[in-house]
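Text of my_file.cif, listed as mmCIF, all heavy atoms:
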data_structure
#
loop_
_atom_site.label_atom_id
_atom_site.label_comp_id
_atom_site.auth_asym_id
_atom_site.auth_seq_id
_atom_site.Cartn_x
_atom_site.Cartn_y
_atom_site.Cartn_z
N MET A 239 2.00 -12.34 6.56
CA MET A 239 3.27 -11.68 6.78
C MET A 239 3.12 -10.17 6.68
O MET A 239 3.68 -9.45 7.49
CB MET A 239 4.26 -12.23 5.75
CG MET A 239 5.63 -11.69 5.93
SD MET A 239 6.35 -12.42 7.40
CE MET A 239 7.98 -11.86 7.26
N ILE A 240 2.38 -9.71 5.68
CA ILE A 240 2.18 -8.27 5.52
C ILE A 240 1.36 -7.72 6.68
O ILE A 240 1.65 -6.65 7.20
CB ILE A 240 1.51 -7.96 4.16
CG1 ILE A 240 2.50 -8.22 3.04
CG2 ILE A 240 1.03 -6.52 4.11
CD1 ILE A 240 1.95 -8.03 1.67
N GLY A 241 0.37 -8.48 7.09
CA GLY A 241 -0.45 -8.05 8.22
C GLY A 241 0.36 -7.94 9.50
O GLY A 241 0.19 -7.01 10.29
N PHE A 242 1.25 -8.90 9.74
CA PHE A 242 2.08 -8.86 10.93
C PHE A 242 3.03 -7.67 10.89
O PHE A 242 3.23 -6.99 11.90
CB PHE A 242 2.88 -10.16 11.06
CG PHE A 242 3.83 -10.15 12.23
CD1 PHE A 242 3.35 -10.22 13.52
CD2 PHE A 242 5.18 -10.03 12.02
CE1 PHE A 242 4.22 -10.19 14.60
CE2 PHE A 242 6.06 -10.00 13.07
CZ PHE A 242 5.58 -10.08 14.37
N LEU A 243 3.64 -7.41 9.74
CA LEU A 243 4.55 -6.28 9.60
C LEU A 243 3.82 -4.96 9.83
O LEU A 243 4.33 -4.07 10.52
CB LEU A 243 5.19 -6.29 8.21
CG LEU A 243 6.20 -5.19 7.91
CD1 LEU A 243 7.40 -5.32 8.83
CD2 LEU A 243 6.63 -5.27 6.46
N SER A 244 2.62 -4.84 9.29
CA SER A 244 1.83 -3.64 9.48
C SER A 244 1.43 -3.48 10.94
O SER A 244 1.53 -2.39 11.50
CB SER A 244 0.59 -3.69 8.59
OG SER A 244 -0.24 -2.59 8.86
N LEU A 245 1.00 -4.55 11.56
CA LEU A 245 0.60 -4.51 12.97
C LEU A 245 1.79 -4.16 13.87
O LEU A 245 1.65 -3.37 14.81
CB LEU A 245 0.00 -5.85 13.37
CG LEU A 245 -0.57 -5.94 14.78
CD1 LEU A 245 -1.73 -4.96 14.93
CD2 LEU A 245 -1.01 -7.34 15.07
N ALA A 246 2.94 -4.71 13.58
CA ALA A 246 4.14 -4.41 14.36
C ALA A 246 4.52 -2.94 14.23
O ALA A 246 4.85 -2.27 15.22
CB ALA A 246 5.29 -5.30 13.92
N SER A 247 4.48 -2.41 13.02
CA SER A 247 4.83 -1.02 12.80
C SER A 247 3.83 -0.08 13.47
O SER A 247 4.23 0.90 14.11
CB SER A 247 4.89 -0.73 11.29
OG SER A 247 5.23 0.61 11.06
N LEU A 248 2.56 -0.38 13.36
CA LEU A 248 1.54 0.44 14.02
C LEU A 248 1.67 0.37 15.53
O LEU A 248 1.56 1.38 16.23
CB LEU A 248 0.14 0.00 13.58
CG LEU A 248 -0.24 0.34 12.15
CD1 LEU A 248 -1.56 -0.34 11.78
CD2 LEU A 248 -0.35 1.83 11.96
N GLY A 249 1.92 -0.82 16.05
CA GLY A 249 2.07 -0.98 17.50
C GLY A 249 3.28 -0.22 18.03
O GLY A 249 3.20 0.43 19.08
N LEU A 250 4.39 -0.30 17.32
CA LEU A 250 5.58 0.44 17.74
C LEU A 250 5.36 1.94 17.65
O LEU A 250 5.82 2.70 18.51
CB LEU A 250 6.78 0.04 16.87
CG LEU A 250 7.39 -1.31 17.17
CD1 LEU A 250 8.44 -1.65 16.12
CD2 LEU A 250 8.00 -1.33 18.55
N GLY A 251 4.66 2.38 16.62
CA GLY A 251 4.38 3.81 16.48
C GLY A 251 3.50 4.34 17.60
O GLY A 251 3.75 5.40 18.16
N VAL A 252 2.47 3.59 17.96
CA VAL A 252 1.58 3.99 19.04
C VAL A 252 2.32 4.00 20.37
O VAL A 252 2.17 4.92 21.19
CB VAL A 252 0.34 3.08 19.09
CG1 VAL A 252 -0.45 3.28 20.36
CG2 VAL A 252 -0.54 3.32 17.87
N THR A 253 3.13 2.98 20.60
CA THR A 253 3.90 2.90 21.84
C THR A 253 4.88 4.05 21.95
O THR A 253 5.01 4.69 23.00
CB THR A 253 4.65 1.56 21.92
OG1 THR A 253 3.71 0.50 21.83
CG2 THR A 253 5.44 1.46 23.21
N LEU A 254 5.58 4.33 20.87
CA LEU A 254 6.55 5.42 20.88
C LEU A 254 5.87 6.77 21.06
O LEU A 254 6.39 7.65 21.76
CB LEU A 254 7.37 5.40 19.60
CG LEU A 254 8.59 6.31 19.54
CD1 LEU A 254 9.54 6.03 20.69
CD2 LEU A 254 9.30 6.14 18.22
N ALA A 255 4.71 6.94 20.47
CA ALA A 255 3.96 8.19 20.65
C ALA A 255 3.50 8.35 22.09
O ALA A 255 3.46 9.46 22.62
CB ALA A 255 2.76 8.23 19.70
N GLY A 256 3.17 7.25 22.74
CA GLY A 256 2.75 7.31 24.14
C GLY A 256 3.90 7.61 25.08
O GLY A 256 3.72 8.24 26.12
N VAL A 257 5.09 7.14 24.74
CA VAL A 257 6.27 7.34 25.59
C VAL A 257 6.92 8.70 25.33
O VAL A 257 7.67 9.19 26.19
CB VAL A 257 7.27 6.18 25.34
CG1 VAL A 257 8.59 6.40 26.05
CG2 VAL A 257 6.66 4.87 25.77
N ALA A 258 6.66 9.31 24.22
CA ALA A 258 7.33 10.55 23.82
C ALA A 258 7.26 11.67 24.85
O ALA A 258 8.27 12.34 25.07
CB ALA A 258 6.79 11.03 22.48
N PRO A 259 6.13 11.92 25.51
CA PRO A 259 6.12 13.02 26.48
C PRO A 259 7.08 12.84 27.65
O PRO A 259 7.49 13.81 28.27
CB PRO A 259 4.68 13.05 26.98
CG PRO A 259 3.88 12.42 25.90
CD PRO A 259 4.80 11.39 25.30
N ARG A 260 7.47 11.62 27.93
CA ARG A 260 8.40 11.37 29.03
C ARG A 260 9.85 11.32 28.58
O ARG A 260 10.73 10.97 29.36
CB ARG A 260 8.05 10.05 29.71
CG ARG A 260 6.73 10.14 30.45
CD ARG A 260 6.41 8.84 31.12
NE ARG A 260 5.47 8.15 30.23
CZ ARG A 260 5.34 6.85 30.14
NH1 ARG A 260 6.08 6.07 30.85
NH2 ARG A 260 4.45 6.32 29.33
N ALA A 261 10.12 11.65 27.33
CA ALA A 261 11.47 11.53 26.77
C ALA A 261 12.34 12.75 27.02
O ALA A 261 13.48 12.77 26.58
CB ALA A 261 11.39 11.25 25.28
N GLY A 262 11.83 13.76 27.66
CA GLY A 262 12.63 14.94 27.96
C GLY A 262 12.97 15.75 26.72
O GLY A 262 12.09 16.22 26.01
N SER A 263 14.25 15.87 26.46
CA SER A 263 14.70 16.71 25.34
C SER A 263 14.54 16.03 23.99
O SER A 263 14.75 16.67 22.96
CB SER A 263 16.16 17.09 25.54
OG SER A 263 16.96 15.93 25.54
N ARG A 264 14.18 14.76 23.97
CA ARG A 264 14.06 14.02 22.71
C ARG A 264 12.61 13.86 22.27
O ARG A 264 12.29 12.98 21.48
CB ARG A 264 14.70 12.65 22.86
CG ARG A 264 16.17 12.71 23.16
CD ARG A 264 16.77 11.33 23.29
NE ARG A 264 16.06 10.50 24.25
CZ ARG A 264 16.43 10.33 25.52
NH1 ARG A 264 17.47 10.94 25.99
NH2 ARG A 264 15.73 9.53 26.31
N VAL A 265 11.71 14.71 22.75
CA VAL A 265 10.29 14.59 22.44
C VAL A 265 10.04 14.73 20.94
O VAL A 265 9.31 13.93 20.35
CB VAL A 265 9.47 15.63 23.23
CG1 VAL A 265 8.03 15.65 22.77
CG2 VAL A 265 9.54 15.34 24.71
N ALA A 266 10.64 15.71 20.32
CA ALA A 266 10.40 15.94 18.88
C ALA A 266 10.88 14.76 18.05
O ALA A 266 10.20 14.35 17.10
CB ALA A 266 11.09 17.22 18.43
N ALA A 267 12.04 14.21 18.40
CA ALA A 267 12.56 13.07 17.64
C ALA A 267 11.66 11.84 17.82
O ALA A 267 11.39 11.12 16.86
CB ALA A 267 13.98 12.75 18.08
N CYS A 268 11.19 11.61 19.04
CA CYS A 268 10.30 10.47 19.30
C CYS A 268 8.99 10.62 18.56
O CYS A 268 8.47 9.65 17.99
CB CYS A 268 10.04 10.34 20.80
SG CYS A 268 11.43 9.69 21.73
N GLU A 269 8.44 11.82 18.55
CA GLU A 269 7.17 12.04 17.84
C GLU A 269 7.34 11.89 16.34
O GLU A 269 6.46 11.37 15.65
CB GLU A 269 6.61 13.41 18.19
CG GLU A 269 6.08 13.50 19.60
CD GLU A 269 5.58 14.86 19.97
OE1 GLU A 269 5.83 15.82 19.21
OE2 GLU A 269 4.95 14.99 21.03
N THR A 270 8.48 12.33 15.81
CA THR A 270 8.73 12.18 14.38
C THR A 270 8.85 10.71 14.01
O THR A 270 8.25 10.26 13.03
CB THR A 270 10.02 12.92 14.00
OG1 THR A 270 9.86 14.31 14.31
CG2 THR A 270 10.33 12.77 12.52
N CYS A 271 9.61 9.96 14.79
CA CYS A 271 9.75 8.52 14.52
C CYS A 271 8.43 7.80 14.67
O CYS A 271 8.11 6.90 13.88
CB CYS A 271 10.79 7.92 15.45
SG CYS A 271 12.46 8.46 15.08
N ALA A 272 7.64 8.17 15.67
CA ALA A 272 6.33 7.55 15.86
C ALA A 272 5.43 7.82 14.66
O ALA A 272 4.73 6.92 14.18
CB ALA A 272 5.68 8.06 17.14
N GLY A 273 5.43 9.04 14.17
CA GLY A 273 4.62 9.38 13.00
C GLY A 273 5.06 8.62 11.77
O GLY A 273 4.23 8.12 10.99
N LEU A 274 6.37 8.48 11.58
CA LEU A 274 6.87 7.72 10.44
C LEU A 274 6.48 6.25 10.53
O LEU A 274 6.12 5.63 9.52
CB LEU A 274 8.39 7.86 10.35
CG LEU A 274 8.91 9.22 9.90
CD1 LEU A 274 10.43 9.28 10.02
CD2 LEU A 274 8.48 9.52 8.48
N LEU A 275 6.54 5.68 11.73
CA LEU A 275 6.14 4.29 11.90
C LEU A 275 4.65 4.10 11.64
O LEU A 275 4.24 3.10 11.03
CB LEU A 275 6.49 3.80 13.31
CG LEU A 275 7.96 3.46 13.55
CD1 LEU A 275 8.22 3.26 15.03
CD2 LEU A 275 8.34 2.22 12.77
N LEU A 276 3.84 5.04 12.09
CA LEU A 276 2.39 4.94 11.85
C LEU A 276 2.07 5.02 10.36
O LEU A 276 1.28 4.24 9.83
CB LEU A 276 1.65 6.03 12.61
CG LEU A 276 1.60 5.87 14.13
CD1 LEU A 276 1.01 7.12 14.77
CD2 LEU A 276 0.79 4.65 14.49
N VAL A 277 2.70 5.97 9.68
CA VAL A 277 2.46 6.11 8.24
C VAL A 277 2.97 4.89 7.49
O VAL A 277 2.32 4.39 6.57
CB VAL A 277 3.10 7.42 7.71
CG1 VAL A 277 3.11 7.46 6.21
CG2 VAL A 277 2.37 8.61 8.28
N ALA A 278 4.13 4.38 7.89
CA ALA A 278 4.68 3.19 7.23
C ALA A 278 3.78 1.98 7.46
O ALA A 278 3.57 1.18 6.54
CB ALA A 278 6.08 2.91 7.76
N GLY A 279 3.24 1.84 8.66
CA GLY A 279 2.34 0.73 8.93
C GLY A 279 1.08 0.79 8.10
O GLY A 279 0.61 -0.23 7.57
N LEU A 280 0.53 1.98 7.96
CA LEU A 280 -0.67 2.13 7.12
C LEU A 280 -0.35 1.92 5.64
O LEU A 280 -1.16 1.36 4.90
CB LEU A 280 -1.29 3.51 7.35
CG LEU A 280 -1.92 3.70 8.73
CD1 LEU A 280 -2.37 5.15 8.90
CD2 LEU A 280 -3.07 2.75 8.95
N ALA A 281 0.85 2.34 5.21
CA ALA A 281 1.24 2.14 3.82
C ALA A 281 1.42 0.65 3.51
O ALA A 281 1.00 0.18 2.45
CB ALA A 281 2.53 2.90 3.52
N VAL A 282 2.03 -0.08 4.43
CA VAL A 282 2.20 -1.52 4.24
C VAL A 282 0.84 -2.21 4.20
O VAL A 282 0.60 -3.09 3.37
CB VAL A 282 3.10 -2.11 5.34
CG1 VAL A 282 3.07 -3.62 5.32
CG2 VAL A 282 4.51 -1.60 5.20
N LEU A 283 -0.04 -1.81 5.09
CA LEU A 283 -1.39 -2.38 5.11
C LEU A 283 -2.11 -2.07 3.80
O LEU A 283 -2.75 -2.95 3.21
CB LEU A 283 -2.19 -1.84 6.29
CG LEU A 283 -3.58 -2.39 6.49
CD1 LEU A 283 -3.50 -3.87 6.83
CD2 LEU A 283 -4.29 -1.64 7.58
N GLY A 284 -2.01 -0.85 3.33
CA GLY A 284 -2.65 -0.46 2.08
C GLY A 284 -2.08 -1.18 0.87
O GLY A 284 -2.81 -1.54 -0.06
N SER A 285 -0.77 -1.38 0.88
CA SER A 285 -0.17 -2.09 -0.25
C SER A 285 -0.54 -3.57 -0.26
O SER A 285 -0.51 -4.22 -1.30
CB SER A 285 1.35 -1.94 -0.23
OG SER A 285 1.90 -2.64 0.86
N GLY A 286 -0.88 -4.10 0.91
CA GLY A 286 -1.25 -5.51 0.98
C GLY A 286 -2.71 -5.78 0.70
O GLY A 286 -3.11 -6.94 0.56
N LEU A 287 -3.51 -4.76 0.62
CA LEU A 287 -4.95 -4.97 0.39
C LEU A 287 -5.28 -5.72 -0.88
O LEU A 287 -6.18 -6.57 -0.87
CB LEU A 287 -5.69 -3.63 0.44
CG LEU A 287 -5.89 -3.03 1.83
CD1 LEU A 287 -6.59 -1.68 1.72
CD2 LEU A 287 -6.67 -3.95 2.73
N PRO A 288 -4.59 -5.47 -2.00
CA PRO A 288 -4.91 -6.27 -3.20
C PRO A 288 -4.66 -7.76 -3.02
O PRO A 288 -5.25 -8.58 -3.72
CB PRO A 288 -3.98 -5.69 -4.27
CG PRO A 288 -3.69 -4.31 -3.82
CD PRO A 288 -3.68 -4.37 -2.33
N LEU A 289 -3.82 -8.14 -2.08
CA LEU A 289 -3.53 -9.56 -1.86
C LEU A 289 -4.67 -10.26 -1.15
O LEU A 289 -4.78 -11.48 -1.21
CB LEU A 289 -2.25 -9.71 -1.03
CG LEU A 289 -0.97 -9.17 -1.66
CD1 LEU A 289 0.17 -9.27 -0.65
CD2 LEU A 289 -0.64 -9.93 -2.92
N PHE A 290 -5.53 -9.51 -0.47
CA PHE A 290 -6.60 -10.10 0.32
C PHE A 290 -7.93 -10.17 -0.42
O PHE A 290 -8.97 -10.38 0.18
CB PHE A 290 -6.79 -9.32 1.63
CG PHE A 290 -5.59 -9.37 2.51
CD1 PHE A 290 -4.89 -8.22 2.82
CD2 PHE A 290 -5.15 -10.57 3.03
CE1 PHE A 290 -3.77 -8.26 3.64
CE2 PHE A 290 -4.04 -10.63 3.86
CZ PHE A 290 -3.35 -9.47 4.15
N ARG A 291 -7.92 -10.01 -1.71
CA ARG A 291 -9.16 -10.08 -2.50
C ARG A 291 -9.69 -11.45 -2.59
O ARG A 291 -9.15 -12.44 -2.70
CB ARG A 291 -8.93 -9.56 -3.90
CG ARG A 291 -9.01 -8.09 -3.97
CD ARG A 291 -8.93 -7.73 -5.41
NE ARG A 291 -9.24 -6.34 -5.59
CZ ARG A 291 -9.37 -5.81 -6.76
NH1 ARG A 291 -9.24 -6.53 -7.82
NH2 ARG A 291 -9.62 -4.55 -6.87
#
Could you render the structure from this file as structure tokens?
Amino acid sequence: MIGFLSLASLGLGVTLAGVAPRAGSRVAACETCAGLLLVAGLAVLGSGLPLFR
């Protein structure tokens, strides 16, 4: 479950970062949200590491 949540967050962050240049006036907001999703995905993955011992 943690792995899926992390993968989903990372995937959405990468997708949003790729779409951001085509967003026109909302580029900064898209890049900010993409960065937050990437960091959140890595944080979830990191918090789940003790469970995989």
Report as a list in words all protein, DNA and RNA residues lying within 9 Å of Gly241 of chain A, evaluated on only C-alpha atoms, omitting residues in the same chain fewer than 2 positions from it.
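Those residues are Met239, Leu243, Ser244, Leu245, Ala246, Val282, Leu283 and Gly286 of chain A.
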Next, the residues of the selection above should be written as a compact mmCIF listing (two decimals), in the frame of the given file with all heavy atoms.
# COMPACT_ATOMS: atom_id res chain seq x y z
N MET A 239 2.00 -12.34 6.56
CA MET A 239 3.27 -11.68 6.78
C MET A 239 3.12 -10.17 6.68
O MET A 239 3.68 -9.45 7.49
CB MET A 239 4.26 -12.23 5.75
CG MET A 239 5.63 -11.69 5.93
SD MET A 239 6.35 -12.42 7.40
CE MET A 239 7.98 -11.86 7.26
N LEU A 243 3.64 -7.41 9.74
CA LEU A 243 4.55 -6.28 9.60
C LEU A 243 3.82 -4.96 9.83
O LEU A 243 4.33 -4.07 10.52
CB LEU A 243 5.19 -6.29 8.21
CG LEU A 243 6.20 -5.19 7.91
CD1 LEU A 243 7.40 -5.32 8.83
CD2 LEU A 243 6.63 -5.27 6.46
N SER A 244 2.62 -4.84 9.29
CA SER A 244 1.83 -3.64 9.48
C SER A 244 1.43 -3.48 10.94
O SER A 244 1.53 -2.39 11.50
CB SER A 244 0.59 -3.69 8.59
OG SER A 244 -0.24 -2.59 8.86
N LEU A 245 1.00 -4.55 11.56
CA LEU A 245 0.60 -4.51 12.97
C LEU A 245 1.79 -4.16 13.87
O LEU A 245 1.65 -3.37 14.81
CB LEU A 245 0.00 -5.85 13.37
CG LEU A 245 -0.57 -5.94 14.78
CD1 LEU A 245 -1.73 -4.96 14.93
CD2 LEU A 245 -1.01 -7.34 15.07
N ALA A 246 2.94 -4.71 13.58
CA ALA A 246 4.14 -4.41 14.36
C ALA A 246 4.52 -2.94 14.23
O ALA A 246 4.85 -2.27 15.22
CB ALA A 246 5.29 -5.30 13.92
N VAL A 282 2.03 -0.08 4.43
CA VAL A 282 2.20 -1.52 4.24
C VAL A 282 0.84 -2.21 4.20
O VAL A 282 0.60 -3.09 3.37
CB VAL A 282 3.10 -2.11 5.34
CG1 VAL A 282 3.07 -3.62 5.32
CG2 VAL A 282 4.51 -1.60 5.20
N LEU A 283 -0.04 -1.81 5.09
CA LEU A 283 -1.39 -2.38 5.11
C LEU A 283 -2.11 -2.07 3.80
O LEU A 283 -2.75 -2.95 3.21
CB LEU A 283 -2.19 -1.84 6.29
CG LEU A 283 -3.58 -2.39 6.49
CD1 LEU A 283 -3.50 -3.87 6.83
CD2 LEU A 283 -4.29 -1.64 7.58
N GLY A 286 -0.88 -4.10 0.91
CA GLY A 286 -1.25 -5.51 0.98
C GLY A 286 -2.71 -5.78 0.70
O GLY A 286 -3.11 -6.94 0.56
Just list as an MDAnalysis selection string whatever in chain A DSSP marks as alpha helix (DSSP H).
chainID A and resid 240:257 265:286
Nearest candidate to Ala255 of chain A (options A:Leu289, A:Ala281, A:Leu276, A:Ile240; using all heavy atoms):
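Closest to Ala255 of chain A, using all heavy atoms: A:Leu276.
Counting from atom CA of Leu287 of chain A, the distance to atom CA of Glu269 of chain A is 27.2 Å.
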How many Å separate atom CD1 of Leu254 of chain A from atom N of Leu274 of chain A?
10.0 Å
Using only C-alpha atoms, can you tell me which of A:Gly262, A:Gly279, A:Gly284, A:Gly273 comes closest to Leu248 of chain A?
A:Gly279
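We find atom CG of Pro259 of chain A and atom C of Leu280 of chain A to be spaced 23.2 Å apart.
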